[in-house]
Amino acid sequence: MTDFPILSLMLLVPLVAGVICLLVSAQAARTVALIATLIVFVLGVVLWMNFDVGGAQWQFQENIPLFAGFSWALGIDGIALTLIMLSVFLMPICILASQSIEKRVGEYMAAFLLMEVLMIGVFAAQDLFLFYIFFEAGLIPMYLIIGIWGGADRIYASYKFFLYTLLGSIVMLIAMIWMAQTAGTTDIPTLMQYDFPPEAQTWLWLAFFASFAVKMPMWPVHTWLPDAHVQAPTAGSVILAGVLLKMGGYGFIRFSLPMFPEASAQFAWLIYALSMIAVVVTSLIALVQNDMKKLIAYSSVAHMAIVTLGLFAFNVQGLEGSMVVMLSHGLVSGALFLCVGIIYDRLHTREIDRYGGLSINMPKYALFFLLFTMASIGLPGTSGFVGELLSLMGIYQVSSWVALVAGTGVILGAGYMLYLYRRVAFGDQKNADAAAMPDLSLREWAMLAPITAAVLWMGVYPETFMAPMRGDIAALDARLARAKPAGDANLTLGSPKQLEEHAHEGGAH
Amino acid sequence: MDWMQSLRLVAPEIFLSVSGLILLLGAAWGQSRKDARAINWLAVLVLIGAAAMTLPTLLGQVSGADALAFDSLFSADAFAAFAKVLIFLACAASLALAPAFFERHGGYRGEFPVLVIFAAIGMAMMVSSTNLLTLYVGLELNSLAAYVLAAFLKADERSAEAGLKYFVLGALASGFLLFGMSLTYGFTGTIAYSGIAAATEAGLSTGALFGLTFMFAGLAFKVSAVPFHMWTPDVYEGAPTPVTTLFASAPKVAALALFARVAVEAFGSQSVAWQQIVLAAAIASIVFGALAAIWQTNIKRLLAYSSINNVGFILLGLAAASVEGVSAMLVYLAIYVPMTIGGFVAVLMLRDEGGKQLEAISDLAGLSRTRPLLALGLGSVMFSMAGIPFFFGFWGKFVVFQAAVQSGLLIWATIAAVSSVIGAFYYLKVVKVMYFDEPAGKVTGRSDMAHEWLLTISALFISPLGWLFTKGLGALAAIAAGVLFAAT
């Protein structure tokens with residue numbers, strides 16, 4: 001099985017299906033897209049089944065030299081595996097969520113399938129430039145998805161999305177060229193072990209930071225996200241929040257940290273500062289939103305800030321926690337966008353005030369929405385809790401102040417999410433049209449139920465998801481050890497107090 | 001020097017000249033529309049034939065003394081061959097577009113293909129020059145033909161204006177060039193590149209530096225690099241679109257290849273002196289070309305600014321002053337030519353019911369729904385020009401950046417890269433109008449088959465399929481660049 005190019009196959013299937021979608025009728029395109037994404041999901045499951053946990057760091061490697069130093073090099077470690085699983089898991093759900101799309105269905109499905117190719121490619125690429133190509137090419141389908149099928153203000157949002165992300169990543173390209181020439185290789189695993197001189201690292205780190213910070217997105221370059229999210233169609237939002245944002249975190253964990261450990265330590269203060277601001281500011285902004293999608297978009301920025309904090313904690317808890325937050329956020333925010341999409345399809349507004357009392361006429365919907373609200377807050381038993389707890393534990397070892405500020409994010413998160421839920425699901429049915437909305441259809445069940453299962457699974461038994469990446473996190477932690485910042489806790493080992501002997505002489509014998 | 005040897009080396013040019021003269025006679029007698037068409041397609045065949053005759057020189061890596069003809073006045077080496085193949089094919093493509101266009105605008109004439117052939121001979125001489133005299137003769141042969149071509153629609157005011165503007169500014173540029181050449185001759189005592197190289201090896205005297213500067217200014221005019229670009233938008237907008245297609249492709253290749261040859265062969269030892277000039281022009285072109293295009297509402301003007309921007313990237317390759325740099329420049333050119341031809345063909349295909357050409361960007365609205373394939377073609381050109389990966393245009397930018405970084409031009413490469421984001425903005429604008437806006441329903445005219453074919457070919461070349469050529473293209477460009485540097 002190991003010789004079988006399964007990763008290439010996972011790239012090929014959606015690509016071919018995408019071309020087919022362009023040629024066939026609308027209804028056929030929906031079917032083709034759904035079948036193709038399900039096939040890729042099955043391939044993903046096969047991939048996971050065959051992934052040797054605790055085995056070699058890089059598995060399923062393929063390497064075909066192409067030209068001019070480029071090579072078709074694919075391969076995954078545990079980190080990439082989990083993120084690929086997230087992508088292929090969300091894709092069929094996105095296709096199902098796109099039933100309300102009525103114009104230019106074939107092109108829409110083709111854009112989504114191309115998106116899937118590029119997402120898998122980003123996580124599987126082992127050649128520096130191959131990674132860049134996948135990373136950058138993702139702009140085109142997303143630009144079209146937002147621009148053609150988006151909401152009223154879609155043009156502005158699509159431009160902002162495209163130009164922001166392009167500006168970020170083009171600087172990274174120059175840095176990559178320099179790295180490839182200095183190190184003499186474009187092989188990512190080799191580069192992860194290569195020690196660049198610390199002075200050069202500073203510049204390289206900044207160039208990569210420009211790209212990943214925008215993608216992540218970190219405060220203050222997050223402003224494209226609320227616009228893009230709000231204007232994108234539901235499935236577009238799910239993919240944006242679920243997977244595209246993870247590319248930023250993946251970039252940090254795959255490039256910035258292992259390739260430039262010294263520079264990462266040098267700029268850790270910057271990450272802490274930006275992340276702390278992001279947690280508090282965007283949570284407060286989320287609190288005053290009237291638009292449901294915007295609220296969830298701002299909450300994404302806050303959650304991503306916890307990811308960056310965990311990553312730059314330089315310890316195992318922080319890194320693992322960040323990975324789990326990324327996976328959990330991919331599921332939960334995706335599900336929340338789906339929840340918004342479900343009622344949007346019925347009432348065609350995202351304004352919170354137009355709803356109210358939905359738990360009366362849509363009890364099943366209200367139940368799912370409640371679960372994802374809780375998962376977003378980080379209630380124990382859901383996936384959100386595991387990740388946030390670990391991340392905060394990780395950052396606490398470095399700085400208790402940062403952990404304190406980041407911790408407010410959880411409280412504020414509870415604030416805005418519960419406030420949202422109260423206004424939408426509880427209270428009086430003040431709008432007649434909202435009160436008349438029917439409950440979930442079978443298709444909507446099929447969208448939400450798998451995510452629910454995954455969220456609970458990850459909350460109750462996260463080991464399934466953490467086991468594959470444990471070795472990679474440990475390797476990364478070892479690599480980072482030399483640059484690790486000292487914690488501010490200054491723990492001193494106390495001397496144990498002598499027990500007073502025979503104090504309870506009269507105790508039971 | 002053996003005459004037979006010399007004649008053999010210039011065989012493609014002789015073939016073109018003889019064919020051009022015969023076709024000219026044909027044009028003198030055959031005045032009907034059908035004759036003009038026949039002459040046109042014969043000229044296309046002749047140009048393709050000339051390209052085929054040149055190809056062995058490139059593949060055979062002919063260089064040095066083997067390539068010199070007529071007492072070292074002319075060098076038919078692999079570098080020249082690379083440029084010539086591109087030039088001849090670009091000329092052929094522009095000719096293939098012409099008849100359909102001109103027949104709608106007051107009739108086609110057999111002189112048009114003949115002029116293009118003569119321009120092609122001029123361009124071939126430019127890229128093969130090893131001597132200031134050959135350079136000038138080639139340049140003027142090309143320019144004179146080009147002035148007439150720009151004004152070819154005699155009844156059209158804009159075309160006449162474009163011709164006049166092109167002539168006046170082109171003459172000014174030639175004046176610059178001549179002045180620089182005379183200074184160079186005065187201070188080095190020779191007009192042969194090899195002689196100039198020998199005379200400047202020890203150092204550049206102030207006079208020779210002035211000569212170099214003026215020569216480069218003249219050449220910058222020809223490639224329309226900032227700050228000598230002002231004529232470009234006006235001429236591109238005014239000239240008949242098939243002529244604009246030609247101007248944006250073949251003469252750019254010729255002038256840029258000539259630029260590289262003068263820089264490397266004549267002043268190769270003084271690269272520090274010209275590197276700054278080229279770099280300044282390159283960065284200015286990239287930034288200005290990107291900024292000025294934002295406010296354009298006419299698609300031809302937009303493409304004109306985009307060509308300024310692209311020339312900037314090509315010059316950035318030259319500014320690297322290395323084999324890799326020149327090779328990157330050639331790769332970029334080879335991608336740029338089909339890209340720009342594709343762009344202009346798409347523009348040619350924008351016609352309303354009555355066959356009138358549409359040039360306003362707003363007329364493109366909703367093209368993706370009324371003419372999906374045309375929109376796809378133009379959209380590919382736009383994304384490719386913006387250098388977004390998977391489209392082939394990215395590869396050109398990539399190799400140029402690579403060469404620039406290798407030569408330590410890190411900061412300049414970064415500035416160029418960031419400016420390409422500005423460029424992406426206006427390329428996106430075209431895509432936005434075509435794909436996001438509601439259909440304006442203006443582009444309803446039928447397309448000609450030749451146009452459809454050309455657009456298909458160039459769109460396929462710049463699509464991800466183009467990556468299949470990367471290896472071969474890179475190897476050929478490396479041969480050509482290597483030959484150029486080996487000669488010094």
# chains A, B, ... in the order shown; residues from 1 in each chain; ligands from 1
call {"tool": "closest_atom_pairs", "arguments": {"of": "chain B", "to": "chain A", "cutoff": "9 Å", "atoms": "only C-alpha atoms", "output": "tab-separated table"}}
result
residue	atom	partner	partner_atom	distance
B:Arg369	CA	A:Arg104	CA	9.0
B:Phe383	CA	A:Ile140	CA	8.4
B:Ile388	CA	A:Ala137	CA	6.3
B:Pro389	CA	A:Ala137	CA	5.3
B:Phe390	CA	A:Ala137	CA	6.4
B:Phe391	CA	A:Ala137	CA	8.8
B:Phe398	CA	A:Leu173	CA	8.5
B:Phe401	CA	A:Ile174	CA	7.0
B:Gln402	CA	A:Ile177	CA	6.0
B:Val405	CA	A:Trp178	CA	6.4
B:Gln406	CA	A:Gln181	CA	7.4
B:Leu410	CA	A:Ile174	CA	7.7
B:Ala413	CA	A:Ile174	CA	7.2
B:Thr414	CA	A:Val171	CA	6.3
B:Ile415	CA	A:Val171	CA	9.0
B:Ala417	CA	A:Ile170	CA	6.1
B:Val418	CA	A:Leu167	CA	6.3
B:Ser419	CA	A:Leu167	CA	9.0
B:Ser420	CA	A:Ile170	CA	8.5
B:Val421	CA	A:Leu167	CA	5.9
B:Ile422	CA	A:Leu163	CA	8.2
B:Ala424	CA	A:Leu163	CA	7.6
B:Phe425	CA	A:Leu163	CA	7.1
B:Leu428	CA	A:Tyr159	CA	7.9
B:Lys429	CA	A:Tyr159	CA	8.8
B:Lys432	CA	A:Gly147	CA	7.6
B:Tyr435	CA	A:Ile148	CA	6.8
B:Phe436	CA	A:Ile148	CA	5.2
B:Asp437	CA	A:Ile148	CA	8.4
B:Thr470	CA	A:Phe67	CA	7.0
B:Lys471	CA	A:Phe67	CA	5.5
B:Gly474	CA	A:Ala68	CA	7.7
call {"tool": "write_last_selection", "arguments": {"atoms": "C-alpha atoms", "output": "PDB file, in the first residue's frame"}}
result
ATOM      1  CA  ARG B 369     -22.254  34.163 -19.413  1.00  0.00           C
ATOM      2  CA  PHE B 383      -4.449  35.733 -14.231  1.00  0.00           C
ATOM      3  CA  ILE B 388      -0.847  33.722 -10.158  1.00  0.00           C
ATOM      4  CA  PRO B 389       0.458  30.164  -9.982  1.00  0.00           C
ATOM      5  CA  PHE B 390      -0.843  27.397 -12.128  1.00  0.00           C
ATOM      6  CA  PHE B 391      -0.953  29.869 -14.937  1.00  0.00           C
ATOM      7  CA  PHE B 398       9.522  33.159 -10.805  1.00  0.00           C
ATOM      8  CA  PHE B 401      12.953  36.689  -9.218  1.00  0.00           C
ATOM      9  CA  GLN B 402      15.239  33.721  -8.881  1.00  0.00           C
ATOM     10  CA  VAL B 405      17.864  37.074  -5.811  1.00  0.00           C
ATOM     11  CA  GLN B 406      20.884  35.139  -6.987  1.00  0.00           C
ATOM     12  CA  LEU B 410      17.006  41.056  -2.873  1.00  0.00           C
ATOM     13  CA  ALA B 413      13.108  41.783  -6.172  1.00  0.00           C
ATOM     14  CA  THR B 414      10.917  42.370  -3.135  1.00  0.00           C
ATOM     15  CA  ILE B 415       9.794  45.765  -4.431  1.00  0.00           C
ATOM     16  CA  ALA B 417       7.083  41.424  -6.128  1.00  0.00           C
ATOM     17  CA  VAL B 418       5.033  43.795  -4.019  1.00  0.00           C
ATOM     18  CA  SER B 419       4.266  45.938  -7.071  1.00  0.00           C
ATOM     19  CA  SER B 420       2.952  42.891  -8.820  1.00  0.00           C
ATOM     20  CA  VAL B 421       0.171  42.926  -6.230  1.00  0.00           C
ATOM     21  CA  ILE B 422      -0.816  46.375  -7.502  1.00  0.00           C
ATOM     22  CA  ALA B 424      -2.962  42.080  -9.841  1.00  0.00           C
ATOM     23  CA  PHE B 425      -5.566  44.652  -8.881  1.00  0.00           C
ATOM     24  CA  LEU B 428      -8.588  41.314 -11.415  1.00  0.00           C
ATOM     25  CA  LYS B 429     -10.722  44.245 -12.429  1.00  0.00           C
ATOM     26  CA  LYS B 432     -14.400  40.953 -12.109  1.00  0.00           C
ATOM     27  CA  TYR B 435     -17.374  37.201 -14.257  1.00  0.00           C
ATOM     28  CA  PHE B 436     -19.153  39.136 -11.517  1.00  0.00           C
ATOM     29  CA  ASP B 437     -21.091  41.841 -13.306  1.00  0.00           C
ATOM     30  CA  THR B 470       9.133  24.476 -18.887  1.00  0.00           C
ATOM     31  CA  LYS B 471      11.986  22.076 -19.188  1.00  0.00           C
ATOM     32  CA  GLY B 474      14.483  26.582 -19.825  1.00  0.00           C
TER      33      GLY B 474
END
call {"tool": "select_by_dssp", "arguments": {"residues": "segment 70-313 of chain A", "states": "strand (DSSP E or B)", "output": "list in words"}}
result
Ser71, Trp72, Ala73, Leu74, Gly75, Ile76, Ala125, Asp127, Asp187 and Asp291 of chain A
call {"tool": "select_by_dssp", "arguments": {"residues": "segment 203-442 of chain A", "states": "alpha helix (DSSP H)", "output": "PyMOL selection string"}}
result
chain A and resi 203-215+224-231+234-239+245-251+257-259+261-266+268-287+292-311+316-347+358-361+363-377+383-398+400-425+432-435+442
call {"tool": "residues_around", "arguments": {"residues": "Ser322 of chain A", "least_positions_apart": "3", "cutoff": "9 Å", "atoms": "only C-alpha atoms", "output": "PyMOL selection string"}}
result
chain A and resi 249+304+306-311+317-319+325-327+387-388+390-391
call {"tool": "residues_around", "arguments": {"residues": "Ala76 of chain B", "least_positions_apart": "5", "cutoff": "7 Å", "atoms": "only C-alpha atoms", "output": "VMD selection string"}}
result
chain B and resid 9 67 to 68 81 128
call {"tool": "closest_residue", "arguments": {"among": "B:Ala198, B:Ala440, B:Val262, B:Ala281", "to": "Val311 of chain B", "atoms": "only C-alpha atoms"}}
result
B:Ala281
call {"tool": "residues_around", "arguments": {"residues": "Gly377 of chain B", "least_positions_apart": "6", "cutoff": "10 Å", "atoms": "only C-alpha atoms", "output": "number ranges by chain"}}
result
B: 342-343, 345-346, 452, 455-460, 462-463
call {"tool": "atom_distance", "arguments": {"atom1": "atom CA of Pro12 of chain B", "atom2": "atom CA of Leu141 of chain B"}}
result
16.4 Å
call {"tool": "closest_residue", "arguments": {"among": "A:Gln27, A:Ser87, A:Asn50, A:Thr82", "to": "Ala467 of chain A", "atoms": "only C-alpha atoms"}}
result
A:Thr82
call {"tool": "residues_around", "arguments": {"residues": "segment 239-244 of chain B", "least_positions_apart": "2", "cutoff": "8 Å", "atoms": "only C-alpha atoms", "output": "JSON, numbers by chain"}}
result
{"B": [94, 95, 97, 98, 101, 149, 150, 151, 152, 153, 158, 159, 160, 162, 163, 235, 236, 237, 246, 247, 248, 344, 348]}
call {"tool": "residues_around", "arguments": {"residues": "Thr202 of chain A", "least_positions_apart": "2", "cutoff": "10 Å", "atoms": "only C-alpha atoms", "output": "ChimeraX atom specification"}}
result
/A:196-200,204-207,260-264,266-267
call {"tool": "atom_distance", "arguments": {"atom1": "atom CA of Leu454 of chain B", "atom2": "atom CA of Ala255 of chain B"}}
result
24.1 Å
